[in-house]
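The structure appears below as structure tokens.
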Amino acid sequence: MDLDLKNMDYANIKTLKDVISFGAETYGQKPAVKWQNGRALEERSYFQLRSDSYKVAAYLRELELKKDHIAIIGDMSYEWLVSFYGISCSNAVIIPIDKQLSKEDITDLLKKSEAACLIYEVAPKSEIVEYIQKNIEALKIISLRESNEFPYIADIILKSPKKVVTHLPEPEPDSLAAIVFTSGTTGTSKGVMLTHKNMCSGVIVACHFVGKEDFKTTIPVLPTYHMYEITTGIQCAIVIGCTICIGRGIKYLTQSMKQYKPSILILVPMIVEMIHKLIWAEAKKSGKDKKLKRLMAVAKILTRLGIDIRRKLFKSVLEVFGGELLTIVCGGAPLSADLMEEFQCFGIQVNYGYGITECSPVVASNMPGHNKPGSVGPIVPFPYGMVKILNNEILVKGPIVTSGYYNDPQATEESYVDGWYRTGDLGYLDKNNYLYITGRIKNLIILDNGENVSSEELETVFGEVPLVKEIVIHTSKNKERLLLTATVFPDELYLKENGIMDVQGELEKEFFQINSNLPPYKRVQLIKLRSTEFEKTGSGKIKRHLICSE
């Protein structure tokens, strides 16, 4: 699927500075950002977003931080947004870092990325900041929240000259824009180098997949250090003129949705599943779960007949989301096709896709009019990228693809074959260029008999058992023999509702039924139970290397 560049009013976006300039020139006084400040609802226009970002950029250049590497750590806020674009407009390099990392890991990433400055949510007497300062000399620190010790972003904006800053350099499209560290599901993080061209190509691709609905508002939910959120949740929102409404995190997502009434949400499967459970829990609590099931059956029949009254039928369900949600963009982990179909039945389009940090990040996605259950959708459109399969591995080439890893030539060399980036993910393309993911090379289990087993494939199969909340398939050693093992965190609510006392026995019974329909080498031979959820990355992916090393 090629893009018609002539009909794209955002096709000339080449740098991150262009992103906010496009927003200001296209949407002007329209609110770009909203957030609750005590009892008051604050908002800033697209003009103000650009103006304030330029003021931060001018300040950073006064500190002689142009072309330096500047790390930013914090939750989504207006201060975070103007810092992100301020860094870019100053011609410096953005280093987004996970705030949940330990002080040792944060310090390590600051050193790895050779950061000269850190913009951070500095708390009074912060142990993390003290530790960083002791271990990194001459690191400049700017605060995202009010601080007596360090310069504060909001003060920088207010104290800057009222005259609009206009004399800022134009970044080169091929210059380095960001170093984004991978989330580390399999161990050590690597610094992915992304140019302005990479990141803006990713934004254009994301806008293409999102579609042309009139999306009015969105709520950023995912971590700010993650390329999926940066590209689709923030930059795509600005380009399509969506107001970014800043909530109070996942814990208060339902309250935020009722307040801001989002029309589009960028989520990971873990959050989609959480919302799905909330819908059915509320229905069951009010005694309307059977009625809801009947309405879903009616809606499916009417839709097949060309009668679409889903949003009327499921008005009470849609009110959980604020009543105006049209689309959920979802990626980062496998999502059940049944779940997608259910949301579709409620009148909410679920665009399930696939991406990787090294590809800025979107590689494929289902989209309006192009949606195949089981697939992650059509591949990235030309000229922004190309996808091919080599030895069952997904390879990508084009403007969205990184040139490699920062200060890591060995990892860079190992990641390319004949100019194509090796994603490490397994999959295949159908005749219409829809992509299907079957697993990950690093998660491919090689058994004693030489058979290859995809852990993700089996996790999907065994994960359908109702009492399984989370599952990881791996191997464990019994004397000299490798056993295919399932480590399971059971669904406590399901156990309670169904009065199940012998969890191990019930799982063994369910798994026996599934095993009987699988080839011998794919059968789970050992079940281990966990009493707590698996440790995850900020985007909800299970840290597999921790389980497999237990």
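A note on labels: chains of the structure tokens are A, B, ... as shown, every chain counts residues from 1, and ligands are counted from 1 in their shown order.
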
Surrounding residues of range 29-45 of chain A excluding itself and chain neighbours under 6 positions, 6 Å, only C-alpha atoms, as a PyMOL selection string: chain A and resi 243-246

Helix (DSSP H, G or I) call set, DSSP backbone run, range 296-328 of chain A, as a ChimeraX atom specification: /A:296-304,310-313,315-321

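Each of A:Ser455, A:Val239, A:Gly419, A:Tyr85 was checked against Cys207 in chain A using only C-alpha atoms; the smallest atom-to-atom distance is that of A:Val239.
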
Proximity to Glu137 in chain A - best of A:Asn407, A:Glu114, A:Tyr428, A:Phe209, only C-alpha atoms: A:Glu114

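DSSP, applied to the backbone of this structure, assigns strand (DSSP E or B) to the following residues of range 124-301 of chain A: Lys140, Ile141, Ile142, Ser143, Tyr152, Leu176, Ala177, Ala178, Ile179, Val180, Phe181, Gly191, Val192, Met193, Leu194, Thr195, Thr217, Thr218, Thr243, Ile244, Cys245, Ile246, Ile264, Leu265, Ile266 and Leu267 of chain A.
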
Let me see the file: selected residues, N, CA and C atoms, as a short mmCIF file (atom, residue, chain, number, x, y, z; two decimals), in the first residue's frame.
```cif
data_model
loop_
_atom_site.label_atom_id
_atom_site.label_comp_id
_atom_site.auth_asym_id
_atom_site.auth_seq_id
_atom_site.Cartn_x
_atom_site.Cartn_y
_atom_site.Cartn_z
N LYS A 140 24.18 19.26 34.29
CA LYS A 140 23.21 20.33 34.58
C LYS A 140 21.85 19.70 34.85
N ILE A 141 21.11 20.23 35.82
CA ILE A 141 19.79 19.69 36.16
C ILE A 141 18.74 20.79 36.13
N ILE A 142 17.63 20.50 35.45
CA ILE A 142 16.48 21.40 35.37
C ILE A 142 15.27 20.62 35.86
N SER A 143 14.39 21.27 36.62
CA SER A 143 13.25 20.57 37.22
C SER A 143 11.96 20.74 36.43
N TYR A 152 13.34 25.85 37.12
CA TYR A 152 12.03 25.20 36.95
C TYR A 152 11.47 25.58 35.59
N LEU A 176 20.79 13.53 14.34
CA LEU A 176 20.28 12.72 15.45
C LEU A 176 19.28 13.53 16.27
N ALA A 177 18.08 12.98 16.47
CA ALA A 177 17.03 13.65 17.24
C ALA A 177 16.88 13.06 18.63
N ALA A 178 17.06 11.74 18.74
CA ALA A 178 16.82 11.08 20.03
C ALA A 178 17.63 9.80 20.15
N ILE A 179 17.94 9.45 21.38
CA ILE A 179 18.48 8.12 21.71
C ILE A 179 17.46 7.51 22.66
N VAL A 180 16.80 6.46 22.20
CA VAL A 180 15.71 5.84 22.96
C VAL A 180 16.14 4.45 23.38
N PHE A 181 16.16 4.22 24.67
CA PHE A 181 16.60 2.92 25.16
C PHE A 181 15.48 1.89 25.08
N GLY A 191 20.75 1.71 23.29
CA GLY A 191 20.32 3.06 22.90
C GLY A 191 20.07 3.16 21.41
N VAL A 192 18.81 3.19 21.02
CA VAL A 192 18.43 3.26 19.61
C VAL A 192 18.58 4.70 19.12
N MET A 193 19.37 4.90 18.08
CA MET A 193 19.57 6.23 17.52
C MET A 193 18.48 6.51 16.48
N LEU A 194 17.74 7.59 16.67
CA LEU A 194 16.68 7.97 15.74
C LEU A 194 16.91 9.41 15.27
N THR A 195 16.92 9.59 13.98
CA THR A 195 17.07 10.92 13.40
C THR A 195 15.71 11.62 13.33
N THR A 217 -10.23 14.61 21.14
CA THR A 217 -9.40 14.55 22.34
C THR A 217 -8.79 13.17 22.54
N THR A 218 -7.67 13.16 23.25
CA THR A 218 -7.03 11.91 23.64
C THR A 218 -6.43 12.09 25.03
N THR A 243 -6.73 17.37 20.92
CA THR A 243 -6.34 17.97 22.20
C THR A 243 -5.83 16.89 23.14
N ILE A 244 -4.60 17.07 23.63
CA ILE A 244 -3.99 16.12 24.57
C ILE A 244 -4.46 16.49 25.97
N CYS A 245 -5.26 15.61 26.57
CA CYS A 245 -5.80 15.86 27.91
C CYS A 245 -5.03 15.02 28.92
N ILE A 246 -4.36 15.69 29.83
CA ILE A 246 -3.47 14.99 30.76
C ILE A 246 -4.25 14.56 32.00
N ILE A 264 -10.11 9.13 20.91
CA ILE A 264 -9.11 8.12 20.54
C ILE A 264 -8.19 7.88 21.73
N LEU A 265 -7.82 6.62 21.93
CA LEU A 265 -6.89 6.25 23.00
C LEU A 265 -5.79 5.37 22.43
N ILE A 266 -4.56 5.59 22.90
CA ILE A 266 -3.41 4.77 22.51
C ILE A 266 -3.09 3.90 23.71
N LEU A 267 -3.28 2.57 23.58
CA LEU A 267 -3.19 1.67 24.73
C LEU A 267 -2.36 0.44 24.42
#
```

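Take CA of Gln525 in chain A and CA of Arg481 in chain A: the distance between them is 11.4 Å.
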
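Among the candidate residues A:Ser51, A:Thr107, A:Ser316, A:Thr232, the one lying nearest to Val82 in chain A is A:Ser51, with distances computed using only C-alpha atoms.
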